[in-house]
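Trainee: This is the structure, below, for whatever I ask next.
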Amino acid sequence: PASTGLVATHPLALATVNSPPASVDGFVREFLRELNFGQGVSLQGSTVNDQYLALARTVRHYLMARWSETLRRQRETQAKGVAYLSAEYLLGRQLGNALLATDLTDIVGEGLAQCGIDLADLRAQEVEPGLGNGGLGRLAACFIDSLATMSVPCIGYGIRYEYGIFRQTFVEGRQVEQPDSWLALGAPWEFPHPENARLISFGGSVETTTDEAGVERRRWIPAWDVNAVPYNYMVPGYQNGRVNTLRLWRAQATDAFDLKIFNSGDYEEAVRAQTFAENISKVLYPEDSTPQGKELRLQQQYFFVAASIGDFLDQQLPEDFDLTKLPERIIFQLNDTHPVIGVPELMRVLVDERGLEWDAAWAITQKCFAYTCHTLLPEALEVWSVDLLGKLLPRHLEIIYRINDDFLAEVRERFGDDELRIRRMSIIAEHPERSVRMAYLATVAGSKVNGVAALHSQLLRDKVLPDFDEFYPGKFTNVTNGITPRRFLRLANPALSELITDAIGVGWLTDLERLRGLESYAEDEEFRERFRDVKAANKRRLDAVLRERDGFTVHDDHLLDVMVKRLHEYKRQSLKLLHIVTTYDRIISGEVAAADVTPRTFIFGAKAAPGYKMAKEIIHLINAVGSVVNADPRVEDRLKVIFPPNYNVTLAEKVIPAADLSEQISLAGKEASGTGNMKFALNGALTIGTDDGANVEIRELVGNDNFFLFGMLEPQVEELQTRGYVPSSFYEADAGLRRAIDLISSGAFSGGDRSVFEPVVSNLLYEDRFMVLADYAAYIEAQARVDAAYSDVEGWTRSAILNVARSGFFSSDRSMRDYIERIWGTPPSI
Ligand code: 73E
């Protein structure tokens, strides 16, 4: 209920707001009004930040009518929708996307010019909301963009972290983290609604009570609580008049909580209590693919999931709603295991608060959730110790035990007392400590379970959860990830977008398979030349950005070889590094003349989790190799290694369109999907990659001739593992590899100090969990193929165009259609 009393019955109560006129004059008037009345400054006295904030609010006005109309229609039709539950949303800058969605870019550019302002300067002023670590968070952002564009009812739920992913700096080549205060200069895109705060409880105990009907019920008596305050963000569809909602929760101390202490005279303690509560949404955990099992993280998870489920049941449904019909109204999509505590939460609400019988509640719950798994790495599969969970959420732990008991009873019924199987399938693990396997809980509760690329989904079924696949035939499915072409082609690469439209007309931006129409242009010499001009222009644009940002230069006559992604051993940045060191070694040893080496600029972008030591050592080594190689006159500027700090969505939008070569070199079977790989292919880079994640599908689509495949296949990896992998034997057997590693251990990149990179070297020689050395030779050979292919300018361009033409499949619009068809059954509603 949005309004009450007189307001609700007022004749204007249902009137939607009018959009400001979509004309240059109309815009200028609205913008100046915002500057004067909103920011409280004159145009003359305004700073760039004032102008940016006023512009953002002005653009918001244009979206407002569509937003309220979307909400009104949703209330009226009560159509089935998606609640996307994700602890991360890596949104990137909002302004450009909002202008694109409203088709206001030209009007605004012209209007601002009349005011003596350059739109580009205001766009550059925005600090991106970095509320995610990497691919998982960015995927959530792409998905909500696609759903809005496809007019599918969706509400995204998450956490409004006060500090997002840390800002990375380098001090003497080592990573140093700085807090990301993205809110410091104002947050023009959010709508806080403190009046709709929800109380979220923690701790305490559970007791048995008897209700009015004389039935015994378990009742949770929590020990403390916090307020969850919703902050709404618009999610505009692409020029379709729809605006969905992203609702992020902020933790605030409850008055009652600190007042009690405050009244007792302990002012400091009261403030401490407030800090404690508000810590919950203070900072994003900077770990990607390696959750740490910290109590605050479980608090964050429960906090946002309980707020979201409560919000949906209380605010989005009519008051007299029949809860047995809940699956006809909503599907809660679990973005990895982070929101899985929502399963026992929905059970608790249905049974304890709404008085449903257990079996009825379970039948509803099983239909209302679906689970997406994003990884296979054993260390990334979330488990919570029973001690911790029981302390923080005692009633939820009870519910999980009951779910497990019922589930294991079913397993026994099917398979008899097969104790090994029971132990394997139990949601509760006993070793090394008693804990809850969140992926198992999600699999038992979810109506569907999906992996994020074909290979990943198959391995998930066959290797990680085979017992569950046998037990629940048809539950497992695949939806290959995707990326939004609005941000990662239209906004990031306007020059290529224009070239595409010139060739195949409009319409491809919401129907990306139409890029197929470009295939024939690969044979058109003039088109190829224009395509190369676009690439070169994008390199110059990147050069300008990196010069200003970090003082790096990018030569537009170099092959631009790019590896941007989180730093993780399984992704094998160290393999890329060995290639660079090998090439460098060949030059300085005189094996090849510098003049005969393909000029290449290597760009790295990567953040390491602050506690991940080996990842940070590798960052240090990349920087050290870069300093030496870049400064060595023998190289004659034919190799450049640049590593701009703080790689984020904003930088990705500049780097990817300029790239020639996309590095996707994880050990086969370890990268669930990857999404950067798709962005590069769509922007006309060729991939050098292993048979892993979505690389497999990229190669199938773009064709073998337009992709540089190398390395072991997943079954070969398995086989080598079983046989016993001895990395040093590869070192012994390969002279090139030996020389590269020896050069690193000699101190050549550490001022003669042999101890600095010893940990990296011994890790490679004696551990090498991800088989870098085993794939080294194949990688070097594949890079030689790259050099040869690049020397054929026309042939390379042809391949690059075919990469663009055949990447339409990787639109996140297609991913959303697959979710609808295979998982949600949500008919797109207009
Ligand atoms: O392969 C990527 C995948 O493309 C995978 O590593 C990543 O998700 C992407 C989107 O599907 C991912 N992130 C996490 N797990 N898998 C993760 C785990 C814990 C915390 C934060 C992120």
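Chain labels run A, B, ... following the order of the structure tokens; each chain numbers its residues from 1, and ligands are numbered from 1 in the order shown.
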Please provide as a list in words all residues within 6 Å of segment 430-444 of chain A, with the sequence filter that same-chain residues fewer than 4 positions apart are discarded (counting only C-alpha atoms).

Mentor: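 Answer for this query is Thr337, Glu382, Val383, Trp384, Ser385 and Val386 of chain A.
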
Trainee: Limited to C-alpha atoms, could you put the picked residues into a file as an mmCIF file, in the first residue's frame?

Mentor:
data_model
loop_
_atom_site.group_PDB
_atom_site.id
_atom_site.type_symbol
_atom_site.label_atom_id
_atom_site.label_comp_id
_atom_site.auth_asym_id
_atom_site.auth_seq_id
_atom_site.Cartn_x
_atom_site.Cartn_y
_atom_site.Cartn_z
ATOM 1 C CA THR A 337 25.053 -20.198 -2.880
ATOM 2 C CA GLU A 382 30.347 -22.623 0.380
ATOM 3 C CA VAL A 383 29.888 -24.427 3.679
ATOM 4 C CA TRP A 384 28.855 -22.934 7.021
ATOM 5 C CA SER A 385 29.862 -24.499 10.279
ATOM 6 C CA VAL A 386 26.904 -25.734 12.261
#

Trainee: Could you list, as a list in words, all the residues within 7 Å of ligand 1, counting only C-alpha atoms and all ligand atoms?

Mentor: Asn133, Gly134, Gly135, Leu136, Leu139, Glu287, Asp288, Ser289, Thr290, Pro291, His374, Thr375, Ala380, Val452, Asn481, Glu671, Ala672, Ser673, Gly674, Thr675 and Gly693 of chain A

Trainee: So which one's closest to Ile587 of chain A, A:Val635, A:Ala608, A:Leu248, A:Leu112? Using only C-alpha atoms, please.

Mentor: A:Val635

Trainee: For a test of reading the model, state the distance in Å between atom CA of Asn232 of chain A and atom CA of Asn196 of chain A, rounded to one decimal.

Mentor: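 One can read the atom CA of Asn232 of chain A to atom CA of Asn196 of chain A distance as 11.2 Å.
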
Trainee: Please compute the atom CA of Arg247 of chain A-atom CA of Thr477 of chain A distance, one decimal, in Å.

Mentor: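 Computed distance, atom CA of Arg247 of chain A to atom CA of Thr477 of chain A, equals 28.2 Å.
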
Trainee: DSSP says strand (DSSP E) for which residues of segment 165-290 of chain A? Put them as a count of residues only?

Mentor: 53

Trainee: Using only C-alpha atoms, which residues sit within 9 Å of Asp768 of chain A once same-chain residues fewer than 3 positions away are excluded, as a ChimeraX atom specification?

Mentor: /A:569,725-727,762-765,771-773

Trainee: Per residue of segment 82-124 of chain A within 9 Å of segment 308-331 of chain A, what are the shortest atom pair and its distance in Å to one decimal, counting only C-alpha atoms, with rows by chain and residue number, as a tab-separated table?

Mentor:
residue	atom	partner	partner_atom	distance
A:Val82	CA	A:Ile331	CA	5.1
A:Ala83	CA	A:Ile331	CA	6.1
A:Tyr84	CA	A:Ile331	CA	8.2
A:Leu85	CA	A:Ser308	CA	8.1

Trainee: If I take atom CA of Ala22 of chain A and atom CA of Glu69 of chain A, how far is one from the other in Å, to one decimal?

Mentor: 18.1 Å

Trainee: Write out as a PDB file with all heavy atoms, in the first residue's frame the residues lying within 8 Å of segment 38-54 of chain A, counting only C-alpha atoms and excluding same-chain residues fewer than 6 positions away.

Mentor:
ATOM      1  N   PHE A  31      17.565  20.791 -16.860  1.00  0.00           N
ATOM      2  CA  PHE A  31      18.933  20.659 -16.316  1.00  0.00           C
ATOM      3  C   PHE A  31      19.279  21.863 -15.442  1.00  0.00           C
ATOM      4  O   PHE A  31      19.784  21.713 -14.323  1.00  0.00           O
ATOM      5  CB  PHE A  31      19.931  20.517 -17.465  1.00  0.00           C
ATOM      6  CG  PHE A  31      21.373  20.609 -17.043  1.00  0.00           C
ATOM      7  CD1 PHE A  31      21.957  19.612 -16.254  1.00  0.00           C
ATOM      8  CD2 PHE A  31      22.153  21.705 -17.417  1.00  0.00           C
ATOM      9  CE1 PHE A  31      23.291  19.700 -15.863  1.00  0.00           C
ATOM     10  CE2 PHE A  31      23.484  21.796 -17.025  1.00  0.00           C
ATOM     11  CZ  PHE A  31      24.050  20.796 -16.247  1.00  0.00           C
ATOM     12  N   LEU A  32      18.972  23.068 -15.946  1.00  0.00           N
ATOM     13  CA  LEU A  32      19.298  24.267 -15.167  1.00  0.00           C
ATOM     14  C   LEU A  32      18.473  24.318 -13.882  1.00  0.00           C
ATOM     15  O   LEU A  32      18.966  24.730 -12.829  1.00  0.00           O
ATOM     16  CB  LEU A  32      19.083  25.532 -16.002  1.00  0.00           C
ATOM     17  CG  LEU A  32      20.094  25.700 -17.149  1.00  0.00           C
ATOM     18  CD1 LEU A  32      19.759  26.904 -18.001  1.00  0.00           C
ATOM     19  CD2 LEU A  32      21.528  25.793 -16.614  1.00  0.00           C
ATOM     20  N   CYS A 115      25.333  25.028 -22.926  1.00  0.00           N
ATOM     21  CA  CYS A 115      25.689  25.557 -21.603  1.00  0.00           C
ATOM     22  C   CYS A 115      27.210  25.621 -21.436  1.00  0.00           C
ATOM     23  O   CYS A 115      27.708  25.891 -20.336  1.00  0.00           O
ATOM     24  CB  CYS A 115      25.113  24.689 -20.492  1.00  0.00           C
ATOM     25  SG  CYS A 115      23.326  24.496 -20.542  1.00  0.00           S
ATOM     26  N   ASP A 121      32.930  15.048 -20.232  1.00  0.00           N
ATOM     27  CA  ASP A 121      33.505  15.395 -18.930  1.00  0.00           C
ATOM     28  C   ASP A 121      32.592  14.972 -17.784  1.00  0.00           C
ATOM     29  O   ASP A 121      33.051  14.532 -16.738  1.00  0.00           O
ATOM     30  CB  ASP A 121      33.752  16.911 -18.822  1.00  0.00           C
ATOM     31  CG  ASP A 121      34.856  17.364 -19.768  1.00  0.00           C
ATOM     32  OD1 ASP A 121      35.645  16.493 -20.205  1.00  0.00           O
ATOM     33  OD2 ASP A 121      34.906  18.574 -20.083  1.00  0.00           O
ATOM     34  N   LEU A 122      31.295  15.114 -18.005  1.00  0.00           N
ATOM     35  CA  LEU A 122      30.359  14.739 -16.940  1.00  0.00           C
ATOM     36  C   LEU A 122      30.283  13.222 -16.806  1.00  0.00           C
ATOM     37  O   LEU A 122      30.202  12.684 -15.703  1.00  0.00           O
ATOM     38  CB  LEU A 122      28.967  15.332 -17.187  1.00  0.00           C
ATOM     39  CG  LEU A 122      28.881  16.849 -17.330  1.00  0.00           C
ATOM     40  CD1 LEU A 122      27.450  17.324 -17.107  1.00  0.00           C
ATOM     41  CD2 LEU A 122      29.813  17.572 -16.375  1.00  0.00           C
ATOM     42  N   ARG A 123      30.351  12.534 -17.942  1.00  0.00           N
ATOM     43  CA  ARG A 123      30.360  11.060 -17.867  1.00  0.00           C
ATOM     44  C   ARG A 123      31.583  10.581 -17.108  1.00  0.00           C
ATOM     45  O   ARG A 123      31.507   9.616 -16.350  1.00  0.00           O
ATOM     46  CB  ARG A 123      30.311  10.462 -19.278  1.00  0.00           C
ATOM     47  CG  ARG A 123      28.924  10.599 -19.896  1.00  0.00           C
ATOM     48  CD  ARG A 123      28.897  10.187 -21.347  1.00  0.00           C
ATOM     49  NE  ARG A 123      29.094   8.752 -21.538  1.00  0.00           N
ATOM     50  CZ  ARG A 123      28.691   8.101 -22.616  1.00  0.00           C
ATOM     51  NH1 ARG A 123      28.066   8.733 -23.594  1.00  0.00           N
ATOM     52  NH2 ARG A 123      28.911   6.815 -22.724  1.00  0.00           N
ATOM     53  N   GLN A 125      32.996  11.972 -14.738  1.00  0.00           N
ATOM     54  CA  GLN A 125      32.924  12.326 -13.326  1.00  0.00           C
ATOM     55  C   GLN A 125      32.306  11.208 -12.480  1.00  0.00           C
ATOM     56  O   GLN A 125      32.529  11.125 -11.269  1.00  0.00           O
ATOM     57  CB  GLN A 125      32.105  13.622 -13.188  1.00  0.00           C
ATOM     58  CG  GLN A 125      31.934  14.160 -11.784  1.00  0.00           C
ATOM     59  CD  GLN A 125      33.253  14.625 -11.174  1.00  0.00           C
ATOM     60  OE1 GLN A 125      34.222  14.888 -11.893  1.00  0.00           O
ATOM     61  NE2 GLN A 125      33.302  14.697  -9.853  1.00  0.00           N
ATOM     62  N   GLU A 126      31.519  10.338 -13.113  1.00  0.00           N
ATOM     63  CA  GLU A 126      30.801   9.315 -12.345  1.00  0.00           C
ATOM     64  C   GLU A 126      31.745   8.254 -11.793  1.00  0.00           C
ATOM     65  O   GLU A 126      32.589   7.723 -12.508  1.00  0.00           O
ATOM     66  CB  GLU A 126      29.730   8.640 -13.223  1.00  0.00           C
ATOM     67  CG  GLU A 126      28.972   7.550 -12.474  1.00  0.00           C
ATOM     68  CD  GLU A 126      27.773   7.000 -13.230  1.00  0.00           C
ATOM     69  OE1 GLU A 126      27.473   7.469 -14.353  1.00  0.00           O
ATOM     70  OE2 GLU A 126      27.127   6.081 -12.680  1.00  0.00           O
ATOM     71  N   LEU A 185      30.804  11.466  -3.307  1.00  0.00           N
ATOM     72  CA  LEU A 185      30.454  12.696  -4.044  1.00  0.00           C
ATOM     73  C   LEU A 185      28.969  12.780  -4.384  1.00  0.00           C
ATOM     74  O   LEU A 185      28.550  13.605  -5.188  1.00  0.00           O
ATOM     75  CB  LEU A 185      31.294  12.811  -5.321  1.00  0.00           C
ATOM     76  CG  LEU A 185      32.794  13.056  -5.095  1.00  0.00           C
ATOM     77  CD1 LEU A 185      33.542  13.108  -6.425  1.00  0.00           C
ATOM     78  CD2 LEU A 185      33.027  14.347  -4.315  1.00  0.00           C
ATOM     79  N   GLY A 186      28.180  11.929  -3.748  1.00  0.00           N
ATOM     80  CA  GLY A 186      26.738  11.953  -3.992  1.00  0.00           C
ATOM     81  C   GLY A 186      26.292  10.725  -4.753  1.00  0.00           C
ATOM     82  O   GLY A 186      27.064  10.142  -5.505  1.00  0.00           O
ATOM     83  N   PRO A 188      23.342  10.019  -7.057  1.00  0.00           N
ATOM     84  CA  PRO A 188      22.144  10.564  -7.705  1.00  0.00           C
ATOM     85  C   PRO A 188      21.189   9.509  -8.252  1.00  0.00           C
ATOM     86  O   PRO A 188      20.075   9.852  -8.622  1.00  0.00           O
ATOM     87  CB  PRO A 188      22.732  11.393  -8.851  1.00  0.00           C
ATOM     88  CG  PRO A 188      24.026  10.745  -9.169  1.00  0.00           C
ATOM     89  CD  PRO A 188      24.555  10.253  -7.853  1.00  0.00           C
TER      90      PRO A 188
END

Trainee: Just the residues within 9 Å of Pro236 of chain A, please, counting only C-alpha atoms, with nothing from its chain fewer than 2 positions along; format it as a count of residues only.

Mentor: 19
